[in-house]
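Heads up, final_37.txt below (compact mmCIF, C-alpha atoms):
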```txt
# COMPACT_ATOMS: atom_id res chain seq x y z
CA MET A 1 -115.39 234.83 90.24
CA GLN A 2 -114.32 235.11 86.63
CA THR A 3 -111.23 233.68 84.99
CA ASN A 4 -109.17 236.87 85.24
CA GLU A 5 -110.06 237.22 88.93
CA VAL A 6 -109.04 233.62 89.59
CA ALA A 7 -105.75 234.21 87.79
CA ALA A 8 -105.19 237.45 89.75
CA ILE A 9 -105.67 235.66 93.09
CA VAL A 10 -103.39 232.80 92.04
CA LYS A 11 -100.72 235.38 91.17
CA LYS A 12 -101.12 236.98 94.62
CA ILE A 13 -100.72 233.52 96.15
CA ALA A 14 -97.61 232.94 94.05
CA VAL A 15 -96.01 236.23 95.09
CA ARG A 16 -96.79 235.55 98.75
CA ILE A 17 -95.42 231.98 98.64
CA ILE A 18 -92.22 233.31 97.08
CA GLU A 19 -92.02 235.94 99.86
CA GLU A 20 -92.48 233.23 102.51
CA LYS A 21 -89.76 230.99 101.05
CA GLN A 22 -87.39 231.47 103.98
CA PHE A 23 -90.09 231.06 106.62
CA LEU A 24 -91.41 227.82 105.08
CA THR A 25 -87.88 226.51 104.73
CA GLU A 26 -87.16 227.19 108.41
CA LEU A 27 -90.33 225.33 109.42
CA ASP A 28 -89.34 222.39 107.25
CA ASN A 29 -85.75 222.42 108.50
CA ALA A 30 -87.07 221.74 111.98
CA ILE A 31 -88.95 218.54 111.11
CA GLY A 32 -88.57 217.68 107.44
CA ASP A 33 -85.91 217.86 104.77
CA GLY A 34 -85.93 221.66 104.62
CA ASP A 35 -87.03 221.91 101.03
CA HIS A 36 -90.65 223.06 101.32
CA GLY A 37 -89.97 226.79 100.96
CA ILE A 38 -87.45 226.41 98.16
CA ASN A 39 -89.62 223.92 96.28
CA MET A 40 -92.82 225.92 96.65
CA ALA A 41 -91.06 229.14 95.57
CA ARG A 42 -89.59 227.36 92.54
CA GLY A 43 -93.03 226.03 91.61
CA PHE A 44 -94.86 229.31 92.05
CA GLU A 45 -92.20 231.29 90.17
CA ALA A 46 -92.96 228.98 87.23
CA VAL A 47 -96.71 229.48 87.82
CA LEU A 48 -96.25 233.28 87.69
CA SER A 49 -94.43 233.19 84.39
CA LYS A 50 -97.02 230.76 82.92
CA LEU A 51 -99.92 232.98 83.96
CA ASP A 52 -98.17 236.08 82.62
CA SER A 53 -97.36 234.52 79.27
CA GLU A 54 -100.77 233.12 78.30
CA ALA A 55 -104.45 233.94 78.63
CA TYR A 56 -106.87 231.31 79.91
CA GLN A 57 -110.52 230.75 79.02
CA THR A 58 -111.98 229.42 82.27
CA PRO A 59 -111.13 229.20 85.98
CA SER A 60 -110.73 225.47 85.40
CA ASP A 61 -107.99 226.16 82.82
CA VAL A 62 -106.17 228.35 85.34
CA PHE A 63 -106.31 225.62 88.01
CA LYS A 64 -105.10 223.09 85.46
CA VAL A 65 -102.06 225.10 84.39
CA VAL A 66 -101.18 225.69 88.05
CA ALA A 67 -101.46 221.94 88.66
CA MET A 68 -99.33 220.91 85.70
CA THR A 69 -96.71 223.57 86.47
CA LEU A 70 -96.42 222.56 90.13
CA ILE A 71 -96.21 218.86 89.19
CA SER A 72 -93.38 219.59 86.75
CA THR A 73 -91.36 222.06 88.77
CA VAL A 74 -91.72 221.66 92.56
CA GLY A 75 -89.56 218.57 92.95
CA GLY A 76 -90.67 217.59 96.47
CA SER A 77 -93.83 216.14 98.01
CA ALA A 78 -95.62 219.47 97.64
CA GLY A 79 -95.50 218.98 93.84
CA PRO A 80 -97.66 215.86 93.57
CA LEU A 81 -99.77 216.96 96.57
CA TYR A 82 -100.64 220.53 95.55
CA GLY A 83 -100.54 219.40 91.91
CA THR A 84 -103.26 216.84 92.62
CA ALA A 85 -105.20 219.42 94.67
CA PHE A 86 -105.25 221.96 91.82
CA LEU A 87 -105.98 219.22 89.27
CA ASN A 88 -109.03 218.20 91.29
CA MET A 89 -110.06 221.86 91.59
CA SER A 90 -109.83 222.05 87.81
CA LYS A 91 -112.00 218.94 87.38
CA ALA A 92 -114.52 220.19 89.97
CA THR A 93 -115.00 223.46 88.07
CA ALA A 94 -114.79 222.03 84.53
CA ALA A 95 -116.77 223.89 81.86
CA LYS A 96 -117.80 226.73 84.18
CA THR A 97 -116.97 230.17 82.84
CA GLU A 98 -117.42 231.70 86.27
CA ILE A 99 -117.29 230.17 89.74
CA TYR A 100 -119.53 230.99 92.65
CA ILE A 101 -118.70 230.66 96.33
CA ASN A 102 -120.22 227.18 96.55
CA ASP A 103 -118.18 226.07 93.53
CA PHE A 104 -115.08 227.40 95.27
CA ILE A 105 -115.85 225.45 98.46
CA GLU A 106 -116.57 222.29 96.46
CA ALA A 107 -113.34 222.75 94.53
CA VAL A 108 -111.25 223.14 97.70
CA LYS A 109 -113.00 220.08 99.17
CA SER A 110 -112.20 218.08 96.07
CA GLY A 111 -108.62 219.36 96.25
CA ALA A 112 -108.28 218.22 99.87
CA GLU A 113 -109.66 214.80 98.94
CA GLY A 114 -107.07 214.61 96.18
CA VAL A 115 -104.27 215.33 98.66
CA SER A 116 -105.67 212.65 100.96
CA MET A 117 -105.74 210.11 98.11
CA ARG A 118 -102.29 210.99 96.76
CA GLY A 119 -100.60 211.08 100.16
CA LYS A 120 -102.59 208.09 101.50
CA SER A 121 -103.23 210.27 104.52
CA THR A 122 -106.04 211.59 106.70
CA GLU A 123 -106.49 214.34 109.29
CA GLY A 124 -104.48 214.07 112.50
CA GLU A 125 -101.21 213.03 110.84
CA LYS A 126 -99.60 216.50 110.94
CA THR A 127 -100.00 217.34 107.28
CA MET A 128 -101.63 220.04 105.14
CA LEU A 129 -104.90 218.09 105.54
CA ASP A 130 -105.09 219.34 109.14
CA SER A 131 -105.72 222.80 107.69
CA MET A 132 -107.55 221.84 104.51
CA PHE A 133 -110.42 219.75 105.84
CA PRO A 134 -111.25 222.06 108.79
CA ALA A 135 -111.23 225.01 106.36
CA VAL A 136 -113.67 223.21 104.04
CA ARG A 137 -116.00 222.32 106.92
CA ALA A 138 -115.94 225.87 108.28
CA MET A 139 -116.71 227.35 104.86
CA GLN A 140 -119.56 224.88 104.34
CA ASN A 141 -121.04 225.80 107.72
CA GLU A 142 -120.96 229.54 107.01
CA ALA A 143 -122.31 229.02 103.48
CA ASN A 144 -125.20 226.95 104.85
CA LYS A 145 -126.04 229.84 107.20
CA GLY A 146 -126.14 232.14 104.19
CA GLU A 147 -123.21 234.26 105.37
CA SER A 148 -121.38 236.73 103.10
CA HIS A 149 -118.44 235.65 100.93
CA ALA A 150 -116.08 237.59 103.16
CA ARG A 151 -117.41 235.85 106.28
CA ILE A 152 -117.21 232.42 104.62
CA ILE A 153 -113.60 232.78 103.52
CA GLU A 154 -112.67 234.40 106.84
CA ALA A 155 -114.09 231.36 108.67
CA GLY A 156 -112.19 229.03 106.34
CA TRP A 157 -108.95 230.87 107.00
CA THR A 158 -109.52 230.92 110.77
CA ALA A 159 -110.12 227.15 110.76
CA ALA A 160 -107.02 226.59 108.61
CA ALA A 161 -104.92 228.71 110.99
CA SER A 162 -106.28 226.75 113.97
CA GLY A 163 -105.33 223.61 112.05
CA VAL A 164 -101.74 224.87 111.90
CA GLU A 165 -101.78 225.40 115.68
CA TYR A 166 -103.19 221.90 116.10
CA THR A 167 -100.29 220.41 114.09
CA LYS A 168 -97.93 221.72 116.81
CA THR A 169 -99.60 219.41 119.32
CA ILE A 170 -99.33 216.14 117.43
CA ALA A 171 -96.62 213.81 116.16
CA ALA A 172 -96.15 213.29 112.44
CA THR A 173 -97.06 209.88 111.07
CA LYS A 174 -96.74 210.77 107.38
CA GLY A 175 -93.96 212.18 105.28
CA ARG A 176 -90.36 212.86 106.19
CA ALA A 177 -91.39 214.34 109.59
CA SER A 178 -92.66 210.89 110.63
CA TYR A 179 -89.01 209.75 110.81
CA ILE A 180 -88.63 211.87 113.95
CA GLY A 181 -92.09 210.90 115.25
CA GLU A 182 -92.74 212.26 118.75
CA ARG A 183 -89.87 214.74 118.40
CA SER A 184 -91.94 216.58 115.78
CA ILE A 185 -94.34 217.71 118.55
CA GLY A 186 -94.03 221.46 119.19
CA HIS A 187 -93.35 222.25 115.54
CA GLN A 188 -96.01 223.40 113.11
CA ASP A 189 -96.45 221.60 109.82
CA PRO A 190 -95.01 223.47 106.81
CA GLY A 191 -97.68 222.11 104.43
CA ALA A 192 -100.56 223.16 106.68
CA THR A 193 -98.85 226.55 106.93
CA SER A 194 -98.48 227.02 103.17
CA PHE A 195 -102.14 226.10 102.61
CA THR A 196 -103.20 228.64 105.25
CA ILE A 197 -101.05 231.30 103.56
CA MET A 198 -102.83 230.57 100.27
CA LEU A 199 -106.25 230.91 101.87
CA GLU A 200 -105.13 234.14 103.53
CA GLU A 201 -104.49 235.62 100.09
CA VAL A 202 -108.00 234.57 98.98
CA LYS A 203 -109.33 236.22 102.15
CA LYS A 204 -107.53 239.49 101.39
CA ALA A 205 -108.87 239.48 97.85
CA VAL A 206 -112.44 238.96 99.06
CA LYS A 207 -112.09 241.80 101.55
CA ASN A 208 -110.88 244.07 98.80
CA GLY A 209 -113.96 243.14 96.84
CA SER A 210 -112.04 241.57 94.02
CA PHE A 211 -113.33 238.08 94.68
CA CYS A 212 -116.52 238.35 92.68
CA ASN A 213 -119.82 240.10 92.29
CA SER A 214 -121.56 236.78 91.97
CA ILE A 215 -124.45 235.93 94.21
CA THR A 216 -124.48 232.53 95.83
CA MET B 1 -86.88 192.02 79.12
CA VAL B 2 -88.66 193.82 81.95
CA ALA B 3 -87.06 197.24 82.47
CA PHE B 4 -86.54 199.28 85.63
CA VAL B 5 -86.62 202.99 86.42
CA ILE B 6 -84.87 204.08 89.61
CA VAL B 7 -86.52 207.17 91.07
CA SER B 8 -84.56 209.00 93.72
CA HIS B 9 -84.17 212.52 95.09
CA SER B 10 -80.51 212.24 94.18
CA ALA B 11 -79.17 211.71 90.64
CA LYS B 12 -76.05 210.11 92.14
CA LEU B 13 -78.09 207.66 94.19
CA SER B 14 -80.19 206.56 91.21
CA GLU B 15 -77.09 206.16 89.03
CA GLY B 16 -75.31 204.27 91.82
CA VAL B 17 -78.23 201.88 92.19
CA ALA B 18 -78.20 201.29 88.43
CA ASP B 19 -74.44 200.59 88.55
CA LEU B 20 -74.89 198.19 91.44
CA ALA B 21 -77.64 196.30 89.60
CA ARG B 22 -75.53 196.04 86.43
CA MET B 23 -72.78 194.39 88.47
CA SER B 24 -75.03 191.34 88.95
CA ALA B 25 -77.09 191.76 85.79
CA PRO B 26 -74.85 193.33 83.12
CA ASN B 27 -77.51 193.27 80.42
CA ALA B 28 -80.25 194.70 82.62
CA ARG B 29 -82.44 197.46 81.24
CA ILE B 30 -82.23 199.97 84.08
CA PHE B 31 -82.83 203.72 83.79
CA PRO B 32 -81.88 206.19 86.55
CA ALA B 33 -84.28 209.11 87.08
CA GLY B 34 -82.88 210.96 90.08
CA GLY B 35 -82.82 214.61 91.07
CA LEU B 36 -84.16 217.63 89.22
CA PRO B 37 -83.18 218.65 85.67
CA ASP B 38 -80.91 221.42 87.05
CA GLY B 39 -79.09 218.95 89.29
CA ALA B 40 -80.86 219.95 92.51
CA TYR B 41 -82.23 217.32 94.89
CA GLY B 42 -85.84 216.34 94.28
CA THR B 43 -88.01 214.24 92.00
CA SER B 44 -88.92 215.39 88.53
CA PHE B 45 -92.17 214.40 86.80
CA ASP B 46 -90.59 215.16 83.42
CA LEU B 47 -87.37 213.18 83.99
CA ILE B 48 -89.31 210.18 85.29
CA SER B 49 -91.74 210.34 82.33
CA GLU B 50 -88.82 210.40 79.90
CA ALA B 51 -87.15 207.47 81.63
CA VAL B 52 -90.33 205.37 81.55
CA LYS B 53 -90.84 206.16 77.86
CA CYS B 54 -87.22 205.14 77.10
CA ALA B 55 -87.58 202.01 79.19
CA TYR B 56 -90.98 200.98 77.85
CA SER B 57 -91.62 197.76 75.98
CA GLU B 58 -94.56 195.36 76.04
CA GLU B 59 -92.67 193.31 78.60
CA GLY B 60 -93.18 196.06 81.14
CA VAL B 61 -91.49 198.66 83.30
CA ILE B 62 -91.13 198.63 87.08
CA LEU B 63 -90.45 201.86 88.96
CA ILE B 64 -88.54 201.64 92.24
CA PHE B 65 -88.34 204.73 94.46
CA ASP B 66 -86.43 205.99 97.49
CA MET B 67 -88.97 207.96 99.58
CA GLY B 68 -91.73 210.54 99.87
CA SER B 69 -92.31 212.50 96.69
CA ALA B 70 -90.44 209.86 94.66
CA ALA B 71 -93.39 207.50 95.24
CA MET B 72 -96.08 210.12 94.60
CA THR B 73 -94.43 211.61 91.52
CA SER B 74 -93.86 208.11 90.10
CA GLU B 75 -97.53 207.26 90.63
CA MET B 76 -98.57 210.44 88.82
CA VAL B 77 -96.30 209.59 85.88
CA VAL B 78 -97.77 206.08 85.67
CA GLU B 79 -101.33 207.48 85.77
CA SER B 80 -100.57 210.08 83.10
CA LEU B 81 -98.99 207.60 80.67
CA SER B 82 -101.67 204.88 81.08
CA LEU B 83 -99.54 202.13 79.58
CA ASN B 84 -99.97 198.42 80.29
CA LYS B 85 -97.49 196.74 82.63
CA VAL B 86 -96.03 199.90 84.14
CA ARG B 87 -96.06 199.74 87.92
CA VAL B 88 -94.59 201.50 90.95
CA VAL B 89 -93.38 198.86 93.41
CA ASP B 90 -92.66 199.48 97.10
CA CYS B 91 -89.44 197.64 97.95
CA PRO B 92 -85.93 198.49 99.22
CA VAL B 93 -84.39 200.56 96.45
CA ALA B 94 -80.92 199.01 96.14
CA GLU B 95 -81.74 195.40 96.97
CA GLY B 96 -84.97 195.55 94.97
CA ALA B 97 -83.16 196.85 91.90
CA VAL B 98 -80.56 194.07 92.13
CA LEU B 99 -83.13 191.31 92.67
CA GLY B 100 -85.45 192.68 89.98
CA THR B 101 -82.81 193.05 87.29
CA VAL B 102 -81.33 189.60 88.01
CA LEU B 103 -84.80 188.06 87.64
CA ALA B 104 -85.54 190.11 84.51
CA GLU B 105 -82.26 189.10 82.90
CA SER B 106 -83.05 185.45 83.48
CA GLY B 107 -86.37 185.88 81.67
CA VAL B 108 -88.83 186.10 84.56
CA ASP B 109 -91.98 187.97 83.55
CA PHE B 110 -93.45 191.25 84.82
CA ASP B 111 -96.11 189.86 87.18
CA GLU B 112 -93.70 187.47 88.85
CA ILE B 113 -91.04 190.14 89.38
CA VAL B 114 -93.65 192.50 90.84
CA TYR B 115 -94.75 189.72 93.21
CA GLU B 116 -91.17 188.94 94.26
CA LEU B 117 -90.33 192.60 94.91
CA GLU B 118 -93.51 193.29 96.86
CA ASN B 119 -92.70 190.34 99.11
CA PHE B 120 -89.00 191.05 99.36
CA SER B 121 -87.31 190.89 102.72
CA LYS B 122 -83.62 191.52 103.31
CA THR B 123 -83.28 189.10 106.18
CA GLU B 124 -85.39 186.06 105.32
```
Please re-express this file's structure in structure tokens.
Amino acid sequence: MQTNEVAAIVKKIAVRIIEEKQFLTELDNAIGDGDHGINMARGFEAVLSKLDSEAYQTPSDVFKVVAMTLISTVGGSAGPLYGTAFLNMSKATAAKTEIYINDFIEAVKSGAEGVSMRGKSTEGEKTMLDSMFPAVRAMQNEANKGESHARIIEAGWTAAASGVEYTKTIAATKGRASYIGERSIGHQDPGATSFTIMLEEVKKAVKNGSFCNSIT
Amino acid sequence: MVAFVIVSHSAKLSEGVADLARMSAPNARIFPAGGLPDGAYGTSFDLISEAVKCAYSEEGVILIFDMGSAAMTSEMVVESLSLNKVRVVDCPVAEGAVLGTVLAESGVDFDEIVYELENFSKTE
């Protein structure tokens, strides 16, 4: 995947997150402070205008500008969390002019680890990590079997979506939702949902063949 | 004198905490960094960075936060500035600000104030 393809996918993600603003807000209203949709839309609107106004040399540069923009503009927990995730993705792909599927998986893994570090959180606490880590493991499994890019990303998305379903069954122990503890059971986590939406956009791009021509 | 930055989702809350602290410590160096630049609720990396830069001296800066992203955004600001004696401390926001500024005004140093705030309890 070359720099322009990475930027194109990030723009698709941005447009989709902005479209889902109301949905993410409703999810967050149920268990959090109701700002996830508004904050994410604010952040990704800024990302869109950044990506439209400048050209970037490497995929790592694209991830970095996304990170810095989200950190500066989101205003809620998603800012430092997704900001750290994209910053780690930028570090993981540093100096590469093109990224291959294994680089992508490594980058997402490093991003998830960043979220875990920043949020002092692990899987099973009803957070975005409940989608991120299962997605990484599923993609690694498919990649190890030598599956196609489309199959790999599809498996990642399926695992992320199952992660969202899993968050409905558990009580939050991190973030604002932990204030309502057991009463958060039955509601899906907004962060796990927004991550799954992002991966869904990557999945669509791969299906359309715009992911890359690179061979793993 | 050790300075303080009050990080909150609400500009009013951070300003109120600063006012409260100045009641007991009128010469305190305390900088509110609440809300987003457009006045919305949230925590702003840029506002917090500016406040820490304004507050900074070799004697140190302590950041006190209300909740959630206020802690994480503060940590990211501290990491990005990489200055000596700049620390995010987990303590009750109002009481911690009052205790911290009173200690700072009476000349207590950075490490000791950090220790006192980290071990602060409202009822003991």
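Between chain A and the residues B:Asn27, B:Thr43, B:Ser8, B:Ser14, the shortest atom-to-atom distance, using only C-alpha atoms, involves B:Thr43.
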Using all atoms listed in the file, find the one residue out of B:Gly42, B:Gly34, B:Gly96, B:Gly107 that sits nearest to B:Ser69.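 Closest residue, counting all atoms listed in the file: B:Gly42.
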Any idea what's packed within 6 Å of B:Ala3, counting all atoms listed in the file, ignoring anything in its chain fewer than 3 positions away? Could you give it as a ChimeraX atom specification? /B:29-30,55,61
Selection to disk with C-alpha atoms, as a PDB file, in the frame of the given file:
```
ATOM      1  CA  ARG B  29     -82.440 197.460  81.240  1.00  0.00           C
ATOM      2  CA  ILE B  30     -82.230 199.970  84.080  1.00  0.00           C
ATOM      3  CA  ALA B  55     -87.580 202.010  79.190  1.00  0.00           C
ATOM      4  CA  VAL B  61     -91.490 198.660  83.300  1.00  0.00           C
TER       5      VAL B  61
END
```
Could you produce a table of the residues of chain A lying within 6 Å of chain B, with the nearest pair of atoms per residue and their separation in Å rounded to one decimal, using all atoms listed in the file, ordered by chain and increasing residue number, as a tab-separated table?
```
residue	atom	partner	partner_atom	distance
A:Ser72	CA	B:Phe45	CA	5.3
A:Gly75	CA	B:Gly42	CA	4.5
A:Gly76	CA	B:Ser69	CA	5.4
A:Ser77	CA	B:Ser69	CA	4.2
A:Pro80	CA	B:Thr73	CA	5.7
```
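Of the residues listed (A:Gly111, A:Ser49, A:Ala78, A:Lys126), A:Lys126 shows the shortest atom-to-atom separation from A:Ser178; distances use all atoms listed in the file.
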Just want the 10 Å neighbourhood of A:Thr122, counted on only C-alpha atoms, with same-chain residues fewer than 6 positions away dropped. Output as a VMD selection string. chain A and resid 112 to 113 115 to 116 128 to 130 133 174
Using only C-alpha atoms, can you tell me which of A:Ala7, A:Lys21, A:Ala95, A:Gly37 comes closest to A:Tyr56?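 Ranked by minimum distance to A:Tyr56, first place goes to A:Ala7.
Comparing the minimum interatomic distances between A:Glu45 and each of A:Ile71, A:Ile31, A:Ile18, A:Ala150, counting only C-alpha atoms, we find that A:Ile18 sits nearest.
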When distances are computed from all atoms listed in the file, which of A:Arg118, A:Pro190, A:Thr169, A:Glu201 shows the smallest separation from A:His36? A:Pro190
Distance atom CA of B:Val88-atom CA of A:Asp35, one decimal place? 24.0 Å
I'd like the interatomic distance between atom CA of A:Ile38 and atom CA of B:Val89, to a tenth of an Å.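 Here the two named atoms are 28.6 Å from each other.
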What separation in Å, quoted to one decimal, exists between atom CA of A:Ala8 and atom CA of A:Ala107? 17.5 Å
